[in-house]
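K.L.:
What follows is the file entry-v5.cif, containing mmCIF, N, CA and C atoms and all ligand atoms:
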```cif
data_target
loop_
_atom_site.label_atom_id
_atom_site.label_comp_id
_atom_site.auth_asym_id
_atom_site.auth_seq_id
_atom_site.Cartn_x
_atom_site.Cartn_y
_atom_site.Cartn_z
N MET A 1 -37.40 110.11 -27.18
CA MET A 1 -36.19 110.97 -27.21
C MET A 1 -36.17 111.84 -25.94
N ALA A 2 -35.10 111.76 -25.21
CA ALA A 2 -35.02 112.53 -23.96
C ALA A 2 -34.99 114.03 -24.24
N GLY A 3 -35.66 114.79 -23.40
CA GLY A 3 -35.60 116.25 -23.52
C GLY A 3 -34.40 116.78 -22.79
N ASN A 4 -34.34 118.08 -22.55
CA ASN A 4 -33.23 118.56 -21.72
C ASN A 4 -33.69 118.84 -20.30
N ARG A 5 -32.77 119.31 -19.47
CA ARG A 5 -33.01 119.26 -18.02
C ARG A 5 -32.96 120.62 -17.34
N THR A 6 -33.70 120.73 -16.26
CA THR A 6 -33.57 121.89 -15.40
C THR A 6 -33.48 121.43 -13.95
N PHE A 7 -33.18 122.38 -13.07
CA PHE A 7 -33.07 122.07 -11.65
C PHE A 7 -34.05 122.94 -10.87
N THR A 8 -34.73 122.34 -9.89
CA THR A 8 -35.67 123.09 -9.07
C THR A 8 -35.51 122.77 -7.59
N MET A 9 -35.97 123.70 -6.76
CA MET A 9 -36.15 123.41 -5.34
C MET A 9 -37.55 123.88 -4.94
N ILE A 10 -38.24 123.09 -4.12
CA ILE A 10 -39.43 123.55 -3.43
C ILE A 10 -38.90 124.14 -2.12
N LYS A 11 -39.12 125.44 -1.94
CA LYS A 11 -38.45 126.19 -0.86
C LYS A 11 -39.14 125.97 0.50
N PRO A 12 -38.45 126.36 1.60
CA PRO A 12 -38.97 126.07 2.95
C PRO A 12 -40.39 126.62 3.22
N ASP A 13 -40.75 127.76 2.62
CA ASP A 13 -42.10 128.30 2.85
C ASP A 13 -43.16 127.33 2.33
N ALA A 14 -42.94 126.81 1.12
CA ALA A 14 -43.91 125.91 0.49
C ALA A 14 -43.96 124.57 1.22
N VAL A 15 -42.81 124.10 1.71
CA VAL A 15 -42.80 122.84 2.49
C VAL A 15 -43.59 123.05 3.78
N ARG A 16 -43.35 124.18 4.47
CA ARG A 16 -44.06 124.48 5.73
C ARG A 16 -45.57 124.56 5.51
N GLN A 17 -45.97 125.08 4.36
CA GLN A 17 -47.40 125.25 4.08
C GLN A 17 -48.03 124.00 3.45
N ASN A 18 -47.30 122.89 3.49
CA ASN A 18 -47.81 121.60 2.97
C ASN A 18 -48.16 121.66 1.49
N ASN A 19 -47.34 122.39 0.72
CA ASN A 19 -47.62 122.51 -0.72
C ASN A 19 -46.72 121.65 -1.60
N ILE A 20 -45.97 120.70 -1.01
CA ILE A 20 -45.12 119.84 -1.84
C ILE A 20 -45.96 119.11 -2.88
N GLY A 21 -47.04 118.48 -2.44
CA GLY A 21 -47.88 117.69 -3.35
C GLY A 21 -48.49 118.55 -4.45
N ASN A 22 -49.01 119.72 -4.06
CA ASN A 22 -49.62 120.62 -5.05
C ASN A 22 -48.60 121.05 -6.10
N ILE A 23 -47.39 121.36 -5.65
CA ILE A 23 -46.37 121.84 -6.59
C ILE A 23 -45.88 120.71 -7.49
N LEU A 24 -45.70 119.51 -6.93
CA LEU A 24 -45.30 118.37 -7.78
C LEU A 24 -46.38 118.08 -8.81
N ALA A 25 -47.65 118.25 -8.44
CA ALA A 25 -48.74 118.02 -9.41
C ALA A 25 -48.64 119.03 -10.55
N LYS A 26 -48.37 120.30 -10.24
CA LYS A 26 -48.21 121.32 -11.29
C LYS A 26 -47.03 120.98 -12.21
N ILE A 27 -45.96 120.48 -11.60
CA ILE A 27 -44.76 120.12 -12.36
C ILE A 27 -45.09 118.98 -13.33
N ASN A 28 -45.81 117.99 -12.86
CA ASN A 28 -46.18 116.87 -13.74
C ASN A 28 -47.17 117.31 -14.81
N GLU A 29 -48.16 118.12 -14.42
CA GLU A 29 -49.13 118.64 -15.41
C GLU A 29 -48.43 119.48 -16.46
N GLY A 30 -47.33 120.11 -16.08
CA GLY A 30 -46.56 120.93 -17.02
C GLY A 30 -45.73 120.10 -18.00
N GLY A 31 -45.76 118.78 -17.83
CA GLY A 31 -45.07 117.91 -18.78
C GLY A 31 -43.64 117.58 -18.40
N PHE A 32 -43.26 117.86 -17.16
CA PHE A 32 -41.90 117.56 -16.70
C PHE A 32 -41.85 116.17 -16.08
N ARG A 33 -40.76 115.47 -16.35
CA ARG A 33 -40.50 114.16 -15.76
C ARG A 33 -39.45 114.33 -14.67
N ILE A 34 -39.65 113.68 -13.53
CA ILE A 34 -38.69 113.80 -12.43
C ILE A 34 -37.57 112.78 -12.63
N ILE A 35 -36.34 113.30 -12.75
CA ILE A 35 -35.16 112.45 -12.96
C ILE A 35 -34.52 112.07 -11.62
N ALA A 36 -34.51 113.02 -10.69
CA ALA A 36 -33.89 112.82 -9.38
C ALA A 36 -34.60 113.73 -8.39
N MET A 37 -34.73 113.27 -7.14
CA MET A 37 -35.40 114.11 -6.15
C MET A 37 -34.93 113.77 -4.74
N LYS A 38 -34.74 114.79 -3.90
CA LYS A 38 -34.45 114.52 -2.49
C LYS A 38 -35.00 115.62 -1.57
N TYR A 39 -35.27 115.20 -0.31
CA TYR A 39 -35.83 116.07 0.72
C TYR A 39 -34.75 116.26 1.76
N LEU A 40 -34.35 117.48 2.01
CA LEU A 40 -33.27 117.72 2.98
C LEU A 40 -33.30 119.14 3.48
N ARG A 41 -32.58 119.39 4.57
CA ARG A 41 -32.43 120.75 5.07
C ARG A 41 -31.00 121.21 4.84
N LEU A 42 -30.84 122.36 4.21
CA LEU A 42 -29.51 122.94 3.97
C LEU A 42 -29.02 123.64 5.23
N SER A 43 -27.73 123.52 5.52
CA SER A 43 -27.12 124.36 6.56
C SER A 43 -26.99 125.77 5.98
N LYS A 44 -26.70 126.73 6.84
CA LYS A 44 -26.45 128.10 6.37
C LYS A 44 -25.29 128.13 5.38
N GLU A 45 -24.25 127.36 5.70
CA GLU A 45 -23.06 127.33 4.83
C GLU A 45 -23.43 126.78 3.46
N GLN A 46 -24.23 125.72 3.44
CA GLN A 46 -24.62 125.11 2.16
C GLN A 46 -25.51 126.05 1.36
N ALA A 47 -26.47 126.70 2.03
CA ALA A 47 -27.34 127.64 1.32
C ALA A 47 -26.51 128.81 0.78
N GLY A 48 -25.55 129.27 1.59
CA GLY A 48 -24.67 130.36 1.15
C GLY A 48 -23.86 129.97 -0.07
N ALA A 49 -23.40 128.74 -0.10
CA ALA A 49 -22.61 128.26 -1.25
C ALA A 49 -23.49 128.12 -2.49
N PHE A 50 -24.69 127.61 -2.32
CA PHE A 50 -25.59 127.45 -3.48
C PHE A 50 -25.87 128.80 -4.13
N TYR A 51 -26.09 129.83 -3.29
CA TYR A 51 -26.47 131.16 -3.80
C TYR A 51 -25.28 132.11 -3.89
N GLU A 52 -24.08 131.57 -3.91
CA GLU A 52 -22.83 132.35 -4.02
C GLU A 52 -22.92 133.46 -5.08
N VAL A 53 -23.58 133.17 -6.21
CA VAL A 53 -23.67 134.15 -7.30
C VAL A 53 -24.40 135.43 -6.85
N HIS A 54 -25.20 135.35 -5.80
CA HIS A 54 -25.93 136.52 -5.31
C HIS A 54 -25.26 137.18 -4.11
N LYS A 55 -24.02 136.78 -3.81
CA LYS A 55 -23.30 137.23 -2.62
C LYS A 55 -23.31 138.74 -2.40
N GLU A 56 -23.18 139.49 -3.49
CA GLU A 56 -23.09 140.95 -3.37
C GLU A 56 -24.47 141.63 -3.34
N ARG A 57 -25.54 140.85 -3.54
CA ARG A 57 -26.87 141.46 -3.60
C ARG A 57 -27.36 141.77 -2.18
N PRO A 58 -28.17 142.83 -2.02
CA PRO A 58 -28.60 143.23 -0.66
C PRO A 58 -29.44 142.18 0.06
N PHE A 59 -30.07 141.28 -0.70
CA PHE A 59 -30.96 140.30 -0.07
C PHE A 59 -30.25 138.99 0.27
N TYR A 60 -28.94 138.91 0.03
CA TYR A 60 -28.21 137.64 0.18
C TYR A 60 -28.36 137.03 1.59
N GLY A 61 -28.15 137.85 2.62
CA GLY A 61 -28.21 137.34 4.00
C GLY A 61 -29.57 136.77 4.34
N GLU A 62 -30.59 137.52 3.97
CA GLU A 62 -31.96 137.08 4.21
C GLU A 62 -32.28 135.80 3.44
N LEU A 63 -31.79 135.74 2.20
CA LEU A 63 -32.04 134.58 1.35
C LEU A 63 -31.40 133.32 1.96
N VAL A 64 -30.17 133.47 2.45
CA VAL A 64 -29.46 132.33 3.05
C VAL A 64 -30.17 131.88 4.34
N ASP A 65 -30.61 132.84 5.16
CA ASP A 65 -31.35 132.49 6.38
C ASP A 65 -32.64 131.75 6.03
N PHE A 66 -33.35 132.27 5.06
CA PHE A 66 -34.63 131.65 4.66
C PHE A 66 -34.41 130.25 4.10
N MET A 67 -33.44 130.11 3.19
CA MET A 67 -33.26 128.82 2.53
C MET A 67 -32.71 127.74 3.46
N SER A 68 -32.17 128.16 4.61
CA SER A 68 -31.70 127.17 5.60
C SER A 68 -32.67 127.06 6.77
N SER A 69 -33.85 127.66 6.67
CA SER A 69 -34.79 127.72 7.79
C SER A 69 -35.63 126.46 7.96
N GLY A 70 -35.59 125.56 6.99
CA GLY A 70 -36.37 124.32 7.08
C GLY A 70 -36.08 123.48 5.86
N PRO A 71 -36.67 122.28 5.83
CA PRO A 71 -36.38 121.38 4.71
C PRO A 71 -36.89 121.91 3.37
N ILE A 72 -36.23 121.43 2.33
CA ILE A 72 -36.60 121.73 0.94
C ILE A 72 -36.71 120.41 0.17
N VAL A 73 -37.28 120.49 -1.02
CA VAL A 73 -37.21 119.37 -1.97
C VAL A 73 -36.38 119.85 -3.15
N ALA A 74 -35.31 119.13 -3.47
CA ALA A 74 -34.47 119.45 -4.63
C ALA A 74 -34.74 118.42 -5.70
N ALA A 75 -34.83 118.85 -6.96
CA ALA A 75 -35.13 117.88 -8.02
C ALA A 75 -34.54 118.30 -9.37
N ILE A 76 -34.23 117.30 -10.17
CA ILE A 76 -33.84 117.50 -11.56
C ILE A 76 -35.01 117.06 -12.42
N LEU A 77 -35.41 117.94 -13.35
CA LEU A 77 -36.59 117.70 -14.19
C LEU A 77 -36.19 117.66 -15.65
N GLU A 78 -36.93 116.86 -16.41
CA GLU A 78 -36.62 116.72 -17.83
C GLU A 78 -37.85 117.02 -18.70
N LYS A 79 -37.60 117.73 -19.78
CA LYS A 79 -38.65 118.09 -20.75
C LYS A 79 -37.94 118.80 -21.90
N ASP A 80 -38.52 118.79 -23.09
CA ASP A 80 -37.98 119.65 -24.15
C ASP A 80 -38.01 121.09 -23.66
N ASN A 81 -36.96 121.85 -23.94
CA ASN A 81 -36.93 123.27 -23.57
C ASN A 81 -37.16 123.48 -22.06
N ALA A 82 -36.57 122.59 -21.25
CA ALA A 82 -36.89 122.52 -19.82
C ALA A 82 -36.66 123.83 -19.07
N VAL A 83 -35.53 124.47 -19.28
CA VAL A 83 -35.20 125.67 -18.47
C VAL A 83 -36.22 126.77 -18.71
N ALA A 84 -36.45 127.13 -19.96
CA ALA A 84 -37.38 128.23 -20.27
C ALA A 84 -38.81 127.86 -19.91
N ASP A 85 -39.22 126.63 -20.23
CA ASP A 85 -40.60 126.23 -19.93
C ASP A 85 -40.86 126.19 -18.42
N PHE A 86 -39.83 125.82 -17.66
CA PHE A 86 -40.04 125.78 -16.20
C PHE A 86 -40.14 127.19 -15.63
N ARG A 87 -39.33 128.11 -16.16
CA ARG A 87 -39.43 129.51 -15.70
C ARG A 87 -40.83 130.06 -16.00
N THR A 88 -41.39 129.67 -17.14
CA THR A 88 -42.77 130.09 -17.45
C THR A 88 -43.76 129.48 -16.46
N LEU A 89 -43.57 128.21 -16.14
CA LEU A 89 -44.48 127.52 -15.21
C LEU A 89 -44.44 128.12 -13.81
N ILE A 90 -43.26 128.59 -13.36
CA ILE A 90 -43.18 129.12 -11.99
C ILE A 90 -43.60 130.59 -11.92
N GLY A 91 -43.42 131.37 -12.97
CA GLY A 91 -43.81 132.78 -12.95
C GLY A 91 -42.71 133.68 -12.41
N ALA A 92 -43.00 134.98 -12.37
CA ALA A 92 -42.01 135.99 -11.98
C ALA A 92 -41.54 135.80 -10.54
N THR A 93 -40.32 136.28 -10.27
CA THR A 93 -39.72 136.20 -8.93
C THR A 93 -40.66 136.76 -7.87
N ASN A 94 -41.25 137.93 -8.17
CA ASN A 94 -42.20 138.57 -7.25
C ASN A 94 -43.61 138.04 -7.54
N PRO A 95 -44.22 137.33 -6.59
CA PRO A 95 -45.52 136.72 -6.87
C PRO A 95 -46.59 137.74 -7.27
N ALA A 96 -46.42 139.00 -6.85
CA ALA A 96 -47.37 140.05 -7.24
C ALA A 96 -47.34 140.27 -8.75
N GLU A 97 -46.21 139.90 -9.37
CA GLU A 97 -46.07 140.08 -10.82
C GLU A 97 -46.18 138.76 -11.58
N ALA A 98 -46.39 137.67 -10.87
CA ALA A 98 -46.42 136.35 -11.52
C ALA A 98 -47.76 136.14 -12.23
N ALA A 99 -47.71 135.59 -13.44
CA ALA A 99 -48.93 135.36 -14.23
C ALA A 99 -49.87 134.40 -13.49
N GLU A 100 -51.14 134.60 -13.71
CA GLU A 100 -52.18 133.77 -13.10
C GLU A 100 -51.94 132.29 -13.40
N GLY A 101 -52.13 131.46 -12.39
CA GLY A 101 -51.99 130.02 -12.59
C GLY A 101 -50.56 129.51 -12.45
N THR A 102 -49.57 130.41 -12.39
CA THR A 102 -48.19 129.95 -12.21
C THR A 102 -47.99 129.49 -10.76
N ILE A 103 -46.95 128.70 -10.54
CA ILE A 103 -46.70 128.16 -9.20
C ILE A 103 -46.49 129.28 -8.18
N ARG A 104 -45.75 130.32 -8.59
CA ARG A 104 -45.52 131.41 -7.63
C ARG A 104 -46.80 132.22 -7.40
N ALA A 105 -47.62 132.41 -8.42
CA ALA A 105 -48.89 133.12 -8.20
C ALA A 105 -49.77 132.34 -7.22
N LEU A 106 -49.71 131.02 -7.32
CA LEU A 106 -50.57 130.18 -6.47
C LEU A 106 -50.03 130.02 -5.06
N TYR A 107 -48.70 129.86 -4.92
CA TYR A 107 -48.16 129.40 -3.64
C TYR A 107 -47.11 130.28 -2.99
N ALA A 108 -46.61 131.32 -3.66
CA ALA A 108 -45.59 132.17 -3.05
C ALA A 108 -46.26 133.23 -2.19
N THR A 109 -45.53 133.70 -1.16
CA THR A 109 -46.11 134.73 -0.31
C THR A 109 -45.43 136.08 -0.47
N SER A 110 -44.16 136.10 -0.89
CA SER A 110 -43.45 137.37 -1.06
C SER A 110 -42.32 137.16 -2.06
N ILE A 111 -41.62 138.24 -2.41
CA ILE A 111 -40.51 138.14 -3.36
C ILE A 111 -39.39 137.26 -2.80
N GLY A 112 -39.25 137.22 -1.50
CA GLY A 112 -38.22 136.38 -0.89
C GLY A 112 -38.71 134.95 -0.70
N GLU A 113 -39.89 134.82 -0.12
CA GLU A 113 -40.46 133.50 0.17
C GLU A 113 -41.38 133.12 -0.99
N ASN A 114 -40.73 132.72 -2.09
CA ASN A 114 -41.49 132.57 -3.33
C ASN A 114 -41.62 131.11 -3.81
N ALA A 115 -41.70 130.20 -2.85
CA ALA A 115 -42.17 128.81 -3.06
C ALA A 115 -41.25 127.88 -3.85
N VAL A 116 -40.65 128.39 -4.93
CA VAL A 116 -39.83 127.51 -5.77
C VAL A 116 -38.63 128.24 -6.36
N HIS A 117 -37.61 127.44 -6.65
CA HIS A 117 -36.45 127.90 -7.43
C HIS A 117 -36.52 127.25 -8.80
N GLY A 118 -36.06 127.96 -9.81
CA GLY A 118 -35.88 127.36 -11.13
C GLY A 118 -34.59 127.87 -11.74
N ALA A 119 -33.76 126.98 -12.24
CA ALA A 119 -32.50 127.37 -12.87
C ALA A 119 -32.77 128.32 -14.04
N ASP A 120 -31.82 129.22 -14.30
CA ASP A 120 -32.04 130.24 -15.34
C ASP A 120 -31.26 130.00 -16.63
N SER A 121 -30.49 128.91 -16.71
CA SER A 121 -29.79 128.56 -17.95
C SER A 121 -29.44 127.08 -17.91
N ASP A 122 -29.14 126.52 -19.08
CA ASP A 122 -28.73 125.10 -19.12
C ASP A 122 -27.48 124.88 -18.27
N GLU A 123 -26.56 125.83 -18.37
CA GLU A 123 -25.29 125.71 -17.63
C GLU A 123 -25.54 125.72 -16.12
N ASN A 124 -26.39 126.63 -15.66
CA ASN A 124 -26.69 126.68 -14.22
C ASN A 124 -27.50 125.47 -13.78
N ALA A 125 -28.40 124.98 -14.64
CA ALA A 125 -29.17 123.78 -14.29
C ALA A 125 -28.22 122.61 -14.03
N GLU A 126 -27.22 122.47 -14.86
CA GLU A 126 -26.24 121.38 -14.72
C GLU A 126 -25.42 121.56 -13.44
N ARG A 127 -24.98 122.78 -13.20
CA ARG A 127 -24.16 123.07 -12.01
C ARG A 127 -24.98 122.87 -10.74
N GLU A 128 -26.20 123.38 -10.73
CA GLU A 128 -27.06 123.27 -9.55
C GLU A 128 -27.47 121.82 -9.29
N GLY A 129 -27.75 121.06 -10.34
CA GLY A 129 -28.06 119.64 -10.18
C GLY A 129 -26.88 118.92 -9.56
N GLY A 130 -25.69 119.29 -9.99
CA GLY A 130 -24.47 118.68 -9.47
C GLY A 130 -24.18 119.04 -8.02
N PHE A 131 -24.74 120.16 -7.57
CA PHE A 131 -24.58 120.57 -6.16
C PHE A 131 -25.29 119.57 -5.24
N PHE A 132 -26.42 119.04 -5.69
CA PHE A 132 -27.26 118.17 -4.85
C PHE A 132 -27.15 116.68 -5.17
N PHE A 133 -26.81 116.34 -6.41
CA PHE A 133 -26.90 114.93 -6.83
C PHE A 133 -25.58 114.46 -7.44
N SER A 134 -25.19 113.24 -7.06
CA SER A 134 -24.01 112.62 -7.66
C SER A 134 -24.37 112.11 -9.06
N HIS A 135 -23.39 111.69 -9.81
CA HIS A 135 -23.67 111.12 -11.14
C HIS A 135 -24.56 109.89 -11.03
N LEU A 136 -24.33 109.08 -9.99
CA LEU A 136 -25.16 107.88 -9.78
C LEU A 136 -26.63 108.22 -9.56
N GLU A 137 -26.85 109.39 -8.93
CA GLU A 137 -28.22 109.79 -8.56
C GLU A 137 -28.94 110.54 -9.68
N ARG A 138 -28.23 110.84 -10.77
CA ARG A 138 -28.88 111.54 -11.90
C ARG A 138 -28.55 110.86 -13.22
N PRO A 139 -29.18 109.71 -13.44
CA PRO A 139 -28.87 108.92 -14.62
C PRO A 139 -29.18 109.66 -15.92
N1 LIG A 201 -34.85 137.43 -3.70
C1 LIG A 201 -35.16 138.27 -2.65
N2 LIG A 201 -35.31 139.62 -2.89
C2 LIG A 201 -35.18 140.15 -4.14
C3 LIG A 201 -34.85 139.29 -5.20
C4 LIG A 201 -34.69 137.93 -4.95
O1 LIG A 201 -35.29 137.82 -1.51
O2 LIG A 201 -35.33 141.38 -4.29
C5 LIG A 201 -34.68 135.98 -3.46
C6 LIG A 201 -35.86 135.16 -3.98
O3 LIG A 201 -36.06 134.06 -3.11
C7 LIG A 201 -35.35 134.71 -5.33
C8 LIG A 201 -33.86 134.45 -5.02
O4 LIG A 201 -33.51 135.51 -4.14
O5 LIG A 201 -36.04 133.57 -5.81
C9 LIG A 201 -32.94 134.47 -6.22
O6 LIG A 201 -33.14 135.68 -6.93
P1 LIG A 201 -33.23 135.68 -8.51
O7 LIG A 201 -33.13 137.10 -8.96
O8 LIG A 201 -32.27 134.70 -9.09
O9 LIG A 201 -34.75 135.21 -8.78
P2 LIG A 201 -35.30 133.84 -9.40
O10 LIG A 201 -34.33 133.36 -10.42
O11 LIG A 201 -35.46 132.88 -8.25
O12 LIG A 201 -36.65 134.20 -9.99
MG MG A 202 -32.32 132.98 -10.26
#
```
Please re-express this file's structure in structure tokens.

P.N.:
Amino acid sequence: MAGNRTFTMIKPDAVRQNNIGNILAKINEGGFRIIAMKYLRLSKEQAGAFYEVHKERPFYGELVDFMSSGPIVAAILEKDNAVADFRTLIGATNPAEAAEGTIRALYATSIGENAVHGADSDENAEREGGFFFSHLERP
């Protein structure tokens, strides 16, 4: 029986630090199945559009610069209770507050450069997956 889905990105800091393999291993150990995955670099405009919901936040400009600073890995993951369980696996936004053993505790360097993205609701997971993948690419 298929579980439900979440959306993730391995951010430019983690790609630069050669942590793609380590993070994918944590994702698999966490019981997530990869439904779709791609490696690409976002333009500033694309990063700005993805994070549109944060437009009014003080960190928006920095976030857009960072997320377009190098390649990322975008993926759709499947598991029962995927959204909540993935947020638990990645840990708090600020790695200083992230629980031991979480992806952000292990691989993030700061609140901005925090290694991974995880969708925060089923609705956003669907919307964010649709930003990167066509219907053909997410069976
Ligand atoms: N961010 C930041 N400064 C902050 C809060 C967030 O640079 O004070 C960045 C960080 O990369 C974070 C992203 O903006 O992952 C989105 O913020 P959100 O509050 O949605 O955190 P998340 O859902 O990623 O834990
Ligand atoms: Mg968020």

K.L.:
With 8 Å on each side, where is the centre of the axis-aligned box around all listed atoms of ligand LIG 201 (chain A), and how long are its edges in Å to one decimal, as lines of an AutoDock Vina configuration file?

P.N.:
```
center_x = -34.5
center_y = 137.1
center_z = -6.0
size_x = 20.4
size_y = 24.5
size_z = 24.9
```

K.L.:
Please identify all protein, DNA and RNA residues within 8 Å of ligand MG 202 (chain A), counting all atoms listed in the file, and report them as an MDAnalysis selection string.

P.N.:
chainID A and resid 117:121

K.L.:
I need the strand (DSSP E) residues of chain A per DSSP on the backbone, written as a list in words.

P.N.:
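Of chain A, the ones in strand (DSSP E) are Asn4, Arg5, Thr6, Phe7, Thr8, Met9, Ile10, Arg33, Ile34, Ile35, Ala36, Met37, Lys38, Tyr39, Leu40, Ile72, Val73, Ala74, Ala75, Ile76, Leu77, Glu78, Lys79, Val116, His117 and Gly118 of chain A.
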
K.L.:
Produce a table with one row for each residue of chain A that has an atom at most 5 Å from any atom of ligand LIG 201 (chain A), each row naming the nearest atom pair and its distance in Å at one decimal; use only N, CA and C atoms and all ligand atoms; arrange rows by chain and rising residue number; format as JSON lines.

P.N.:
```
{"residue": "A:Thr93", "atom": "CA", "partner": "A:LIG201", "partner_atom": "O12", "distance": 3.8}
{"residue": "A:Ile111", "atom": "C", "partner": "A:LIG201", "partner_atom": "C6", "distance": 4.3}
{"residue": "A:Gly112", "atom": "CA", "partner": "A:LIG201", "partner_atom": "O1", "distance": 3.3}
{"residue": "A:Glu113", "atom": "N", "partner": "A:LIG201", "partner_atom": "O3", "distance": 4.9}
{"residue": "A:Asn114", "atom": "N", "partner": "A:LIG201", "partner_atom": "O3", "distance": 5.0}
```

K.L.:
Is it possible to get the residues within 10 Å of (-47.0, 120.1, -19.7) (coordinates as in the file, counting only C-alpha atoms) written as a short mmCIF file (atom, residue, chain, number, x, y, z; two decimals) with N, CA and C atoms, in the coordinates of the input?

P.N.:
```cif
data_model
loop_
_atom_site.label_atom_id
_atom_site.label_comp_id
_atom_site.auth_asym_id
_atom_site.auth_seq_id
_atom_site.Cartn_x
_atom_site.Cartn_y
_atom_site.Cartn_z
N LYS A 26 -48.37 120.30 -10.24
CA LYS A 26 -48.21 121.32 -11.29
C LYS A 26 -47.03 120.98 -12.21
N ILE A 27 -45.96 120.48 -11.60
CA ILE A 27 -44.76 120.12 -12.36
C ILE A 27 -45.09 118.98 -13.33
N ASN A 28 -45.81 117.99 -12.86
CA ASN A 28 -46.18 116.87 -13.74
C ASN A 28 -47.17 117.31 -14.81
N GLU A 29 -48.16 118.12 -14.42
CA GLU A 29 -49.13 118.64 -15.41
C GLU A 29 -48.43 119.48 -16.46
N GLY A 30 -47.33 120.11 -16.08
CA GLY A 30 -46.56 120.93 -17.02
C GLY A 30 -45.73 120.10 -18.00
N GLY A 31 -45.76 118.78 -17.83
CA GLY A 31 -45.07 117.91 -18.78
C GLY A 31 -43.64 117.58 -18.40
N PHE A 32 -43.26 117.86 -17.16
CA PHE A 32 -41.90 117.56 -16.70
C PHE A 32 -41.85 116.17 -16.08
N ARG A 33 -40.76 115.47 -16.35
CA ARG A 33 -40.50 114.16 -15.76
C ARG A 33 -39.45 114.33 -14.67
N LYS A 79 -37.60 117.73 -19.78
CA LYS A 79 -38.65 118.09 -20.75
C LYS A 79 -37.94 118.80 -21.90
N ASP A 85 -39.22 126.63 -20.23
CA ASP A 85 -40.60 126.23 -19.93
C ASP A 85 -40.86 126.19 -18.42
N PHE A 86 -39.83 125.82 -17.66
CA PHE A 86 -40.04 125.78 -16.20
C PHE A 86 -40.14 127.19 -15.63
N LEU A 89 -43.57 128.21 -16.14
CA LEU A 89 -44.48 127.52 -15.21
C LEU A 89 -44.44 128.12 -13.81
#
```

K.L.:
Using all atoms listed in the file, which residues sit within 6 Å of Met37 in chain A once same-chain residues fewer than 4 positions away are excluded, as an MDAnalysis selection string?

P.N.:
chainID A and resid 74:76

K.L.:
Selecting C-alpha atoms, how would range 90-131 of chain A from this structure be written as a PDB file, in the first residue's frame?

P.N.:
```pdb
ATOM      1  CA  ILE A  90      15.672  16.719   9.219  1.00  0.00           C
ATOM      2  CA  GLY A  91      15.379  18.492  12.601  1.00  0.00           C
ATOM      3  CA  ALA A  92      14.808  22.143  13.497  1.00  0.00           C
ATOM      4  CA  THR A  93      15.437  24.974  11.004  1.00  0.00           C
ATOM      5  CA  ASN A  94      18.337  26.204  13.166  1.00  0.00           C
ATOM      6  CA  PRO A  95      20.926  23.401  13.371  1.00  0.00           C
ATOM      7  CA  ALA A  96      21.896  24.608  16.861  1.00  0.00           C
ATOM      8  CA  GLU A  97      18.401  23.521  17.934  1.00  0.00           C
ATOM      9  CA  ALA A  98      18.175  20.373  15.804  1.00  0.00           C
ATOM     10  CA  ALA A  99      17.954  17.056  17.674  1.00  0.00           C
ATOM     11  CA  GLU A 100      21.028  14.837  17.680  1.00  0.00           C
ATOM     12  CA  GLY A 101      21.303  12.554  14.662  1.00  0.00           C
ATOM     13  CA  THR A 102      18.958  14.631  12.480  1.00  0.00           C
ATOM     14  CA  ILE A 103      20.123  15.625   8.996  1.00  0.00           C
ATOM     15  CA  ARG A 104      20.421  19.291   9.961  1.00  0.00           C
ATOM     16  CA  ALA A 105      22.313  18.486  13.181  1.00  0.00           C
ATOM     17  CA  LEU A 106      24.752  16.422  11.120  1.00  0.00           C
ATOM     18  CA  TYR A 107      25.154  18.504   7.964  1.00  0.00           C
ATOM     19  CA  ALA A 108      23.783  22.060   8.336  1.00  0.00           C
ATOM     20  CA  THR A 109      26.101  24.955   9.112  1.00  0.00           C
ATOM     21  CA  SER A 110      23.695  27.789   9.983  1.00  0.00           C
ATOM     22  CA  ILE A 111      19.994  28.694  10.122  1.00  0.00           C
ATOM     23  CA  GLY A 112      20.224  29.858   6.509  1.00  0.00           C
ATOM     24  CA  GLU A 113      22.566  27.206   5.103  1.00  0.00           C
ATOM     25  CA  ASN A 114      20.745  24.291   6.650  1.00  0.00           C
ATOM     26  CA  ALA A 115      21.447  21.445   4.195  1.00  0.00           C
ATOM     27  CA  VAL A 116      17.884  20.381   3.363  1.00  0.00           C
ATOM     28  CA  HIS A 117      14.346  21.557   2.700  1.00  0.00           C
ATOM     29  CA  GLY A 118      11.278  19.639   3.803  1.00  0.00           C
ATOM     30  CA  ALA A 119       7.687  20.511   2.902  1.00  0.00           C
ATOM     31  CA  ASP A 120       5.551  21.540   5.895  1.00  0.00           C
ATOM     32  CA  SER A 121       2.129  20.212   4.798  1.00  0.00           C
ATOM     33  CA  ASP A 122       0.585  17.746   2.352  1.00  0.00           C
ATOM     34  CA  GLU A 123      -0.718  20.670   0.308  1.00  0.00           C
ATOM     35  CA  ASN A 124       2.710  22.325   0.077  1.00  0.00           C
ATOM     36  CA  ALA A 125       4.394  18.983  -0.682  1.00  0.00           C
ATOM     37  CA  GLU A 126       2.086  18.582  -3.684  1.00  0.00           C
ATOM     38  CA  ARG A 127       2.600  22.172  -4.849  1.00  0.00           C
ATOM     39  CA  GLU A 128       6.382  22.056  -4.406  1.00  0.00           C
ATOM     40  CA  GLY A 129       6.650  18.683  -6.165  1.00  0.00           C
ATOM     41  CA  GLY A 130       4.694  20.190  -9.036  1.00  0.00           C
ATOM     42  CA  PHE A 131       7.154  23.105  -9.216  1.00  0.00           C
TER      43      PHE A 131
END
```
